[in-house]
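Take a look at the structure below.
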Amino acid sequence: MSYPMRLAKYLSHCGVCSRRQASRLIDTARVTVNGRLANHIDHINLTDCIMVDGEPVAPPQARRLFVYHKPVGIDCKVNPDDPASIYHVLPESCRVYPIGRLDKDSRGLLLLTNDGALCQQLIHPDHHQEKEYEVQVDKPLDPDFCLKMAAGVPVKGQITLPCTVEQIAHDRFKIVLRQGLNRQIRRMAHYCGYRVIDLYRVRIANLALTQLDVNSTEVKEISAELIQLT
């Protein structure tokens, strides 16, 4: 880790939040540097005193990576006041945050880390890391469904990137995405006339649930060296 470091990047490395969320904290005057309000061009050294909402930010910890088999009903927003928040299952020994969220009605593989750089590599659209899902919809798939989904459909004012889609049952398909728009699969299926009733993420990059031996009751630490990015 090299210093001085941009403030948003520093907050991300400290495990406070993602860089994007750090920018929002700075915009809303919730961050101070050495007693003054922070700004986006601040560069941080280890001797600087950084505070968020009046609480000091601890220096960066060693990089750690956790996996979680998220069940339906858990919200990925880290909110201690919400009984359904993932906050209540996180390890106490390390401040981590999710890498790419699953919505409350979805389940499957979730990665959590205190490493902002790893988070950026996995979720930033420029890196195009694969995420694989198995999806059940509310009625049998028609013959053109997979072709239409794979070619790209309109979602939130843009056409989704080409992806891999394969039918695996009369009402189920597998999809591999390299982008992560908000509720993307649900919106894609809705455009094609279907409602998603089960969305299950089974793989992120080279890490698959089948190889990780993790269930929905635990957050398990793994070696950060296991993940291989393209």
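The way I read the labels, and the way they are meant: chains A, B, ... in the order of the structure tokens, residue 1 as the first residue of every chain, and ligand 1 as the first ligand shown, with later ones counted on from there.
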
### Task
Within 12 Å of region 3-12 of chain A, counting only C-alpha atoms, which residues show up once you throw out same-chain ones fewer than 2 positions away? Write them as a count of residues only, please.
54

### Query
Neighbours of region 157-168 of chain A within 10 Å (only C-alpha atoms; same-chain residues fewer than 6 positions away dropped), as a PyMOL selection string?
chain A and resi 130+132-136+141+143+145-151+174-181+184-185+188

### Task
Give the alpha helix (DSSP H) residues of region 16-207 of chain A, as assigned by DSSP on the backbone, as a ChimeraX atom specification.
/A:19-27,116-123,145-151,184-191

### Query
What lies within 12 Å of Pro91 (chain A) using only C-alpha atoms, ignoring chain neighbours under 2 positions off, as number ranges by chain?
A: 64-68, 86-89, 93-97, 112-114, 218-221

Output N, CA, C and O atoms of each residue in that selection to a file, as a PDB file, in the first residue's frame.
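To be explicit, this is the file written out as selection_13.pdb:
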```
ATOM      1  N   ARG A  64      -8.401  -9.378   4.141  1.00  0.00           N
ATOM      2  CA  ARG A  64      -9.141 -10.578   4.527  1.00  0.00           C
ATOM      3  C   ARG A  64     -10.332 -10.754   3.587  1.00  0.00           C
ATOM      4  O   ARG A  64     -10.896  -9.775   3.100  1.00  0.00           O
ATOM      5  N   LEU A  65     -10.686 -12.006   3.353  1.00  0.00           N
ATOM      6  CA  LEU A  65     -11.777 -12.337   2.438  1.00  0.00           C
ATOM      7  C   LEU A  65     -12.656 -13.392   3.085  1.00  0.00           C
ATOM      8  O   LEU A  65     -12.169 -14.391   3.612  1.00  0.00           O
ATOM      9  N   PHE A  66     -13.970 -13.146   3.057  1.00  0.00           N
ATOM     10  CA  PHE A  66     -14.935 -14.068   3.633  1.00  0.00           C
ATOM     11  C   PHE A  66     -15.962 -14.454   2.574  1.00  0.00           C
ATOM     12  O   PHE A  66     -16.228 -13.687   1.639  1.00  0.00           O
ATOM     13  N   VAL A  67     -16.542 -15.646   2.744  1.00  0.00           N
ATOM     14  CA  VAL A  67     -17.632 -16.085   1.876  1.00  0.00           C
ATOM     15  C   VAL A  67     -18.863 -16.370   2.740  1.00  0.00           C
ATOM     16  O   VAL A  67     -18.749 -16.757   3.908  1.00  0.00           O
ATOM     17  N   TYR A  68     -20.018 -16.171   2.137  1.00  0.00           N
ATOM     18  CA  TYR A  68     -21.284 -16.358   2.846  1.00  0.00           C
ATOM     19  C   TYR A  68     -22.303 -16.902   1.862  1.00  0.00           C
ATOM     20  O   TYR A  68     -22.441 -16.384   0.751  1.00  0.00           O
ATOM     21  N   ILE A  86     -27.293  -7.807   6.996  1.00  0.00           N
ATOM     22  CA  ILE A  86     -26.134  -8.699   7.043  1.00  0.00           C
ATOM     23  C   ILE A  86     -25.185  -8.322   8.182  1.00  0.00           C
ATOM     24  O   ILE A  86     -24.352  -9.130   8.601  1.00  0.00           O
ATOM     25  N   TYR A  87     -25.326  -7.116   8.682  1.00  0.00           N
ATOM     26  CA  TYR A  87     -24.491  -6.655   9.797  1.00  0.00           C
ATOM     27  C   TYR A  87     -24.475  -7.673  10.946  1.00  0.00           C
ATOM     28  O   TYR A  87     -23.450  -7.878  11.600  1.00  0.00           O
ATOM     29  N   HIS A  88     -25.601  -8.322  11.171  1.00  0.00           N
ATOM     30  CA  HIS A  88     -25.745  -9.190  12.341  1.00  0.00           C
ATOM     31  C   HIS A  88     -25.108 -10.568  12.153  1.00  0.00           C
ATOM     32  O   HIS A  88     -25.089 -11.355  13.112  1.00  0.00           O
ATOM     33  N   VAL A  89     -24.606 -10.873  10.964  1.00  0.00           N
ATOM     34  CA  VAL A  89     -23.906 -12.150  10.758  1.00  0.00           C
ATOM     35  C   VAL A  89     -22.429 -11.934  10.433  1.00  0.00           C
ATOM     36  O   VAL A  89     -21.689 -12.893  10.237  1.00  0.00           O
ATOM     37  N   SER A  93     -14.416  -9.732  14.386  1.00  0.00           N
ATOM     38  CA  SER A  93     -12.971  -9.506  14.418  1.00  0.00           C
ATOM     39  C   SER A  93     -12.462  -8.622  13.284  1.00  0.00           C
ATOM     40  O   SER A  93     -11.311  -8.194  13.304  1.00  0.00           O
ATOM     41  N   CYS A  94     -13.296  -8.332  12.312  1.00  0.00           N
ATOM     42  CA  CYS A  94     -12.814  -7.602  11.136  1.00  0.00           C
ATOM     43  C   CYS A  94     -13.965  -6.832  10.507  1.00  0.00           C
ATOM     44  O   CYS A  94     -15.047  -7.379  10.305  1.00  0.00           O
ATOM     45  N   ARG A  95     -13.729  -5.575  10.191  1.00  0.00           N
ATOM     46  CA  ARG A  95     -14.762  -4.763   9.546  1.00  0.00           C
ATOM     47  C   ARG A  95     -14.718  -5.021   8.046  1.00  0.00           C
ATOM     48  O   ARG A  95     -13.761  -4.643   7.361  1.00  0.00           O
ATOM     49  N   VAL A  96     -15.730  -5.679   7.540  1.00  0.00           N
ATOM     50  CA  VAL A  96     -15.785  -6.035   6.130  1.00  0.00           C
ATOM     51  C   VAL A  96     -17.108  -5.564   5.532  1.00  0.00           C
ATOM     52  O   VAL A  96     -18.042  -5.223   6.252  1.00  0.00           O
ATOM     53  N   TYR A  97     -17.181  -5.557   4.218  1.00  0.00           N
ATOM     54  CA  TYR A  97     -18.410  -5.174   3.538  1.00  0.00           C
ATOM     55  C   TYR A  97     -18.586  -6.056   2.302  1.00  0.00           C
ATOM     56  O   TYR A  97     -17.617  -6.622   1.780  1.00  0.00           O
ATOM     57  N   LEU A 112     -17.221 -11.054   0.988  1.00  0.00           N
ATOM     58  CA  LEU A 112     -17.069  -9.882   1.849  1.00  0.00           C
ATOM     59  C   LEU A 112     -15.582  -9.664   2.102  1.00  0.00           C
ATOM     60  O   LEU A 112     -14.822 -10.629   2.261  1.00  0.00           O
ATOM     61  N   THR A 113     -15.174  -8.401   2.149  1.00  0.00           N
ATOM     62  CA  THR A 113     -13.751  -8.122   2.325  1.00  0.00           C
ATOM     63  C   THR A 113     -13.545  -6.770   2.982  1.00  0.00           C
ATOM     64  O   THR A 113     -14.457  -5.945   3.045  1.00  0.00           O
ATOM     65  N   ASN A 114     -12.330  -6.565   3.472  1.00  0.00           N
ATOM     66  CA  ASN A 114     -11.908  -5.244   3.931  1.00  0.00           C
ATOM     67  C   ASN A 114     -10.943  -4.616   2.930  1.00  0.00           C
ATOM     68  O   ASN A 114     -10.323  -3.601   3.210  1.00  0.00           O
ATOM     69  N   GLU A 218     -23.261 -19.401   8.339  1.00  0.00           N
ATOM     70  CA  GLU A 218     -21.940 -18.935   8.747  1.00  0.00           C
ATOM     71  C   GLU A 218     -21.316 -18.021   7.703  1.00  0.00           C
ATOM     72  O   GLU A 218     -21.625 -18.101   6.513  1.00  0.00           O
ATOM     73  N   VAL A 219     -20.457 -17.138   8.186  1.00  0.00           N
ATOM     74  CA  VAL A 219     -19.576 -16.379   7.311  1.00  0.00           C
ATOM     75  C   VAL A 219     -18.192 -16.979   7.500  1.00  0.00           C
ATOM     76  O   VAL A 219     -17.660 -16.988   8.612  1.00  0.00           O
ATOM     77  N   LYS A 220     -17.617 -17.498   6.442  1.00  0.00           N
ATOM     78  CA  LYS A 220     -16.387 -18.282   6.539  1.00  0.00           C
ATOM     79  C   LYS A 220     -15.225 -17.540   5.894  1.00  0.00           C
ATOM     80  O   LYS A 220     -15.339 -17.053   4.763  1.00  0.00           O
ATOM     81  N   GLU A 221     -14.100 -17.467   6.595  1.00  0.00           N
ATOM     82  CA  GLU A 221     -12.922 -16.816   6.023  1.00  0.00           C
ATOM     83  C   GLU A 221     -12.166 -17.792   5.127  1.00  0.00           C
ATOM     84  O   GLU A 221     -12.009 -18.970   5.461  1.00  0.00           O
TER      85      GLU A 221
END
```

### Residue with smallest distance to Thr217 (chain A) - pool A:Lys131, A:Arg36, A:His69, A:Arg30, counting only C-alpha atoms
A:His69

### Task
State, in Å with one decimal place, the distance from CA of Ser106 (chain A) to CA of Ala208 (chain A).
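Taking CA of Ser106 (chain A) as the start and CA of Ala208 (chain A) as the end point, the length is 16.4 Å.
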
### Task
Figure out the distance between CA of Asp198 (chain A) and CA of Val137 (chain A), please, to one decimal in Å.
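So the two atoms, CA of Val137 (chain A) and CA of Asp198 (chain A), lie 7.0 Å apart.
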
### Query
Running DSSP on the backbone, which parts of region 28-205 of chain A land in strand (DSSP E or B), as an MDAnalysis selection string?
chainID A and resid 31:33 36:37 43:44 50:52 55:56 65:70 75 85 97:99 107:113 131:137 154:155 158:159 164:169 172:177 196:204

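Shortest separation to Pro154 (chain A) among A:Ala189, A:Leu209, A:Ala169, A:Val196 occurs at residue A:Ala189, atoms counted being only C-alpha atoms.
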
### Query
What does the distance between CA of Arg107 (chain A) and CA of Leu199 (chain A) come to in Å, to one decimal place?
6.3 Å

#### Entry: Closest of A:Ala205, A:Val153, A:Leu111, A:Ile222 to Gly193 (chain A) - atom-to-atom distances counting only C-alpha atoms
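For Gly193 (chain A), the nearest of the given residues is A:Val153.
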
#### Entry: Residue among A:Arg183, A:His128, A:His13, A:Arg203 lying closest to Gly108 (chain A), counting only C-alpha atoms
A:Arg203

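Of the residues under consideration (A:Lys156, A:Lys139, A:His170, A:Arg101), A:Lys156 shows the shortest atom-to-atom contact distance to Tyr191 (chain A) when counting only C-alpha atoms.
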